[in-house]
Amino acid sequence: MAKVKNVFVCQECGFETPKWIGKCPDCSAWNTMVEEVKSITTVPKIVALGNGNEPKSIINIKSGEFQRYNTGVVELNRVLGGGIVKGSLTLISGAPGIGKSTLLLQAASNIASTYGKVLYISGEESEEQIKIRADRLGVISPDVYILSETNLELIEEHVKNMEYVFVIIDSIQTLFKPALNSAPGSVSQVRECSNDLMRIAKNKNIPFFIVAHVTKQGELAGPRVLEHMVDTVLSFEGERTEEFRILRTIKNRFGTTSEIGVFEMRQEGLVEILNPSGVFLEEVNFKQEGSVVVGIMEGTRPILVEIQALVSETKAAFPRRTAVGVDTARLNLILAVLEKKLKIPFYNSDVYVNVVGGLNIDGTFADLGLALALISSSKGREFKLNKMLVVGEVGLTGEVRPVAFCDRIVNEGYKMGFESIVVPFRNKDKIVIKEANVIGVASLSEIISKVF
């Protein structure tokens with residue numbers, strides 16, 4: 001027998017409470033409680049053993065390689081770990097208009113041309129709208145099937161009636177189950193629809209791609225349990241006004257989570273950027289004050305990007321600190337070290353930092369380059385070294401600390417034609433390229449005399 005009761009569910013984290021409260025006690029979000037009808041079905045408890053599913057020793061369990069589909073998009077294969085795993089559930093999120101549907105439609109065309117029928121289910125657009133985009137992208141494979149539907153039960157019947165090798169859901173916030181009284185996009189609907197999609201994917205061994213919306217803060221909309229349920233979470237980064245898009249792996253049960261894919265948005269769709277360093281450095285002026293090229297690692301790929309810094313004197317009581325592509329806390333740390341160890345005042349100046357190309361830098365690879373850019377802009381001095389590449393971490397005592405994979409970054413800089421490469425002193429001995437002009441430094445005070 002089923003019991004029906006009303007509960008209030010937080011639309012951010014899925015926390016349930018029997019009465020309305022203004023602030024969620026779990027995620028501290030305000031005004032996110034929405035009343036939903038919840039039915040509890042009580043069934044007799046039946047315990048049955050002997051169905052063959054018994055505990056096994058980990059030594060006796062065989063492991064094998066996953067079967068993957070080649071999407072035909074090299075950068076997408078890279079972030080997925082080599083391709084789409086059969087029976088997997090992948091979630092892709094990003095801001096509106098950034099290119100999620102465009103990328104999936106391109107991948108659907110490539111998979112349909114190679115493996116078989118692909119079903120593209122859209123709850124936001126009609127078949128005619130998708131056809132217009134497909135004509136612009138050159139998607140002409142007859143095995144790409146389009147369905148405009150939001151009822152999950154009807155979608156499941158369509159998937160069962162025909163043998164599809166790949167299914168795309170655009171988007172999860174538009175699906176609903178008629179058995180639930182809550183609106184599409186609510187916590188209950190998203191959770192139940194995701195559970196059903198996972199069951200279909202595993203039972204029929206079909207890979208599913210799910211598009212998800214994001215909030216104003218850029219986070220995934222809906223309950224956090226959605227990220228835990230799926231196998232892979234991909235995030236599209238970048239601005240709609242910029243031409244470059246970064247596809248980053250947040251979670252991946254079948255590969256690494258540190259790879260990124262770089263795309264350029266053009267009229268014919270998303271175009272892969274196989275050499276991001278060359279694209280990010282197309283318009284670098286090496287004789288411009290406040291501009292430094294740094295080397296970072298994204299997964300197994302070394303990438304060279306330009307950091308620009310602007311230090312401007314201000315009369316305001318509280319100077320402004322603005323960083324795009326760099327963690328603001330890291331910027332404040334570098335400013336504090338420069339003021340303490342090199343006696344360079346920043347307390348009366350506005351500081352602006354930008355990473356050219358829209359890439360977000362994680363880690364400490366760019367610390368030394370950021371410090372040099374700030375010094376150069378503050379003093380109005382150019383660098384005496386021509387075509388300089390900088391990599392290194394800055395410690396709180398002003399020392400330059402070694403970084404991992406420095407040899408790969410130096411090798412990438414040498415191939416890109418950089419004449420001087422500044423690295424931490426302890427990394428210099430491990431550099432095997434003797435032709436490169438590698439300069440080792442141990443502290444900030446030492447690097448001042450070598451580069452200015």
# chains A, B, ... in the order shown; residues from 1 in each chain; ligands from 1
>>> closest_atom_pairs(of="range 10-102 of chain A", to="range 279-303 of chain A", cutoff="12 Å", atoms="only C-alpha atoms", output="Markdown table")
| residue | atom | partner | partner_atom | distance |
| --- | --- | --- | --- | --- |
| A:Glu75 | CA | A:Arg301 | CA | 11.7 |
| A:Arg78 | CA | A:Gly299 | CA | 10.0 |
| A:Val79 | CA | A:Gly299 | CA | 9.3 |
| A:Gly81 | CA | A:Gly299 | CA | 11.0 |
>>> residues_around(residues="range 99-114 of chain A", least_positions_apart="5", cutoff="8 Å", atoms="only C-alpha atoms", output="PDB file with C-alpha atoms, in the first residue's frame")
ATOM      1  CA  TYR A  69      33.460   3.918 -29.578  1.00  0.00           C
ATOM      2  CA  ASN A  70      35.653   6.334 -31.502  1.00  0.00           C
ATOM      3  CA  THR A  71      33.724   9.622 -31.611  1.00  0.00           C
ATOM      4  CA  GLY A  72      35.707  10.926 -34.578  1.00  0.00           C
ATOM      5  CA  VAL A  73      36.650  14.000 -32.484  1.00  0.00           C
ATOM      6  CA  ILE A  92      28.202  17.233 -20.040  1.00  0.00           C
ATOM      7  CA  SER A  93      27.461  20.709 -18.673  1.00  0.00           C
ATOM      8  CA  GLY A  94      28.202  24.266 -19.702  1.00  0.00           C
ATOM      9  CA  TYR A 120      19.323  12.288 -30.519  1.00  0.00           C
ATOM     10  CA  ARG A 133      21.895  23.040 -37.104  1.00  0.00           C
ATOM     11  CA  ALA A 134      22.720  19.684 -38.689  1.00  0.00           C
ATOM     12  CA  LEU A 137      27.425  21.379 -39.455  1.00  0.00           C
ATOM     13  CA  VAL A 139      25.620  16.171 -40.530  1.00  0.00           C
ATOM     14  CA  ILE A 140      24.225  14.056 -43.366  1.00  0.00           C
ATOM     15  CA  SER A 141      24.380  10.515 -41.961  1.00  0.00           C
ATOM     16  CA  ASP A 143      21.548   6.751 -39.270  1.00  0.00           C
ATOM     17  CA  VAL A 144      21.150   9.835 -37.040  1.00  0.00           C
ATOM     18  CA  PHE A 166      24.453   5.688 -28.957  1.00  0.00           C
ATOM     19  CA  ILE A 168      21.958  11.623 -26.519  1.00  0.00           C
ATOM     20  CA  ASP A 170      19.333  17.116 -24.376  1.00  0.00           C
ATOM     21  CA  VAL A 211      23.302  17.419 -21.300  1.00  0.00           C
ATOM     22  CA  PHE A 236      32.553  23.151 -21.084  1.00  0.00           C
ATOM     23  CA  MET A 265      33.917  27.862 -32.462  1.00  0.00           C
ATOM     24  CA  GLY A 269      30.864  24.101 -35.825  1.00  0.00           C
ATOM     25  CA  LEU A 270      33.498  23.251 -33.230  1.00  0.00           C
TER      26      LEU A 270
END
>>> closest_residue(among="A:Met229, A:Ala371, A:Leu247, A:Leu152", to="Asn195 in chain A", atoms="only C-alpha atoms")
A:Met229
>>> select_by_dssp(residues="range 358-410 of chain A", states="strand (DSSP E)", output="PyMOL selection string")
chain A and resi 388-390+393-394+400-401
>>> closest_residue(among="A:Leu91, A:Leu359, A:Ile61, A:Ile132", to="Glu239 in chain A", atoms="only C-alpha atoms")
A:Leu359
>>> select_by_dssp(residues="range 75-147 of chain A", states="helix (DSSP H, G or I)", output="PyMOL selection string")
chain A and resi 75-80+100-114+127-137
>>> write_last_selection(atoms="C-alpha atoms", output="PDB file, in the first residue's frame")
ATOM      1  CA  GLU A  75      39.878  16.199 -28.403  1.00  0.00           C
ATOM      2  CA  LEU A  76      36.659  14.545 -27.149  1.00  0.00           C
ATOM      3  CA  ASN A  77      38.326  11.133 -27.211  1.00  0.00           C
ATOM      4  CA  ARG A  78      41.206  12.602 -25.208  1.00  0.00           C
ATOM      5  CA  VAL A  79      39.072  13.857 -22.310  1.00  0.00           C
ATOM      6  CA  LEU A  80      37.019  10.628 -22.273  1.00  0.00           C
ATOM      7  CA  LYS A 100      27.324  21.399 -26.048  1.00  0.00           C
ATOM      8  CA  SER A 101      24.644  20.433 -28.568  1.00  0.00           C
ATOM      9  CA  THR A 102      26.950  21.285 -31.485  1.00  0.00           C
ATOM     10  CA  LEU A 103      29.706  18.990 -30.232  1.00  0.00           C
ATOM     11  CA  LEU A 104      27.327  16.101 -29.529  1.00  0.00           C
ATOM     12  CA  LEU A 105      25.674  16.416 -32.931  1.00  0.00           C
ATOM     13  CA  GLN A 106      29.086  16.243 -34.615  1.00  0.00           C
ATOM     14  CA  ALA A 107      30.035  13.188 -32.534  1.00  0.00           C
ATOM     15  CA  ALA A 108      26.653  11.569 -33.293  1.00  0.00           C
ATOM     16  CA  SER A 109      27.242  11.932 -37.032  1.00  0.00           C
ATOM     17  CA  ASN A 110      30.707  10.346 -36.797  1.00  0.00           C
ATOM     18  CA  ILE A 111      29.490   7.428 -34.655  1.00  0.00           C
ATOM     19  CA  ALA A 112      26.471   6.811 -36.919  1.00  0.00           C
ATOM     20  CA  SER A 113      28.712   6.699 -39.994  1.00  0.00           C
ATOM     21  CA  THR A 114      30.947   4.069 -38.365  1.00  0.00           C
ATOM     22  CA  GLU A 127      13.160  18.369 -35.085  1.00  0.00           C
ATOM     23  CA  GLU A 128      13.244  21.258 -37.560  1.00  0.00           C
ATOM     24  CA  GLN A 129      15.547  23.329 -35.354  1.00  0.00           C
ATOM     25  CA  ILE A 130      17.968  20.422 -34.965  1.00  0.00           C
ATOM     26  CA  LYS A 131      17.831  19.833 -38.723  1.00  0.00           C
ATOM     27  CA  ILE A 132      18.854  23.448 -39.368  1.00  0.00           C
ATOM     28  CA  ARG A 133      21.895  23.040 -37.104  1.00  0.00           C
ATOM     29  CA  ALA A 134      22.720  19.684 -38.689  1.00  0.00           C
ATOM     30  CA  ASP A 135      22.705  21.234 -42.183  1.00  0.00           C
ATOM     31  CA  ARG A 136      25.074  23.959 -41.001  1.00  0.00           C
ATOM     32  CA  LEU A 137      27.425  21.379 -39.455  1.00  0.00           C
TER      33      LEU A 137
END
>>> atom_distance(atom1="CA of Asn386 in chain A", atom2="CA of Val337 in chain A")
26.3 Å
>>> atom_distance(atom1="CA of Ser194 in chain A", atom2="CA of Thr215 in chain A")
18.9 Å
>>> residues_around(residues="range 340-355 of chain A", least_positions_apart="6", cutoff="9 Å", atoms="only C-alpha atoms", output="PyMOL selection string")
chain A and resi 305-326+331+361+370+373-375+378-379+397-398+444-445
>>> atom_distance(atom1="CA of Ile447 in chain A", atom2="CA of Ala336 in chain A")
17.6 Å
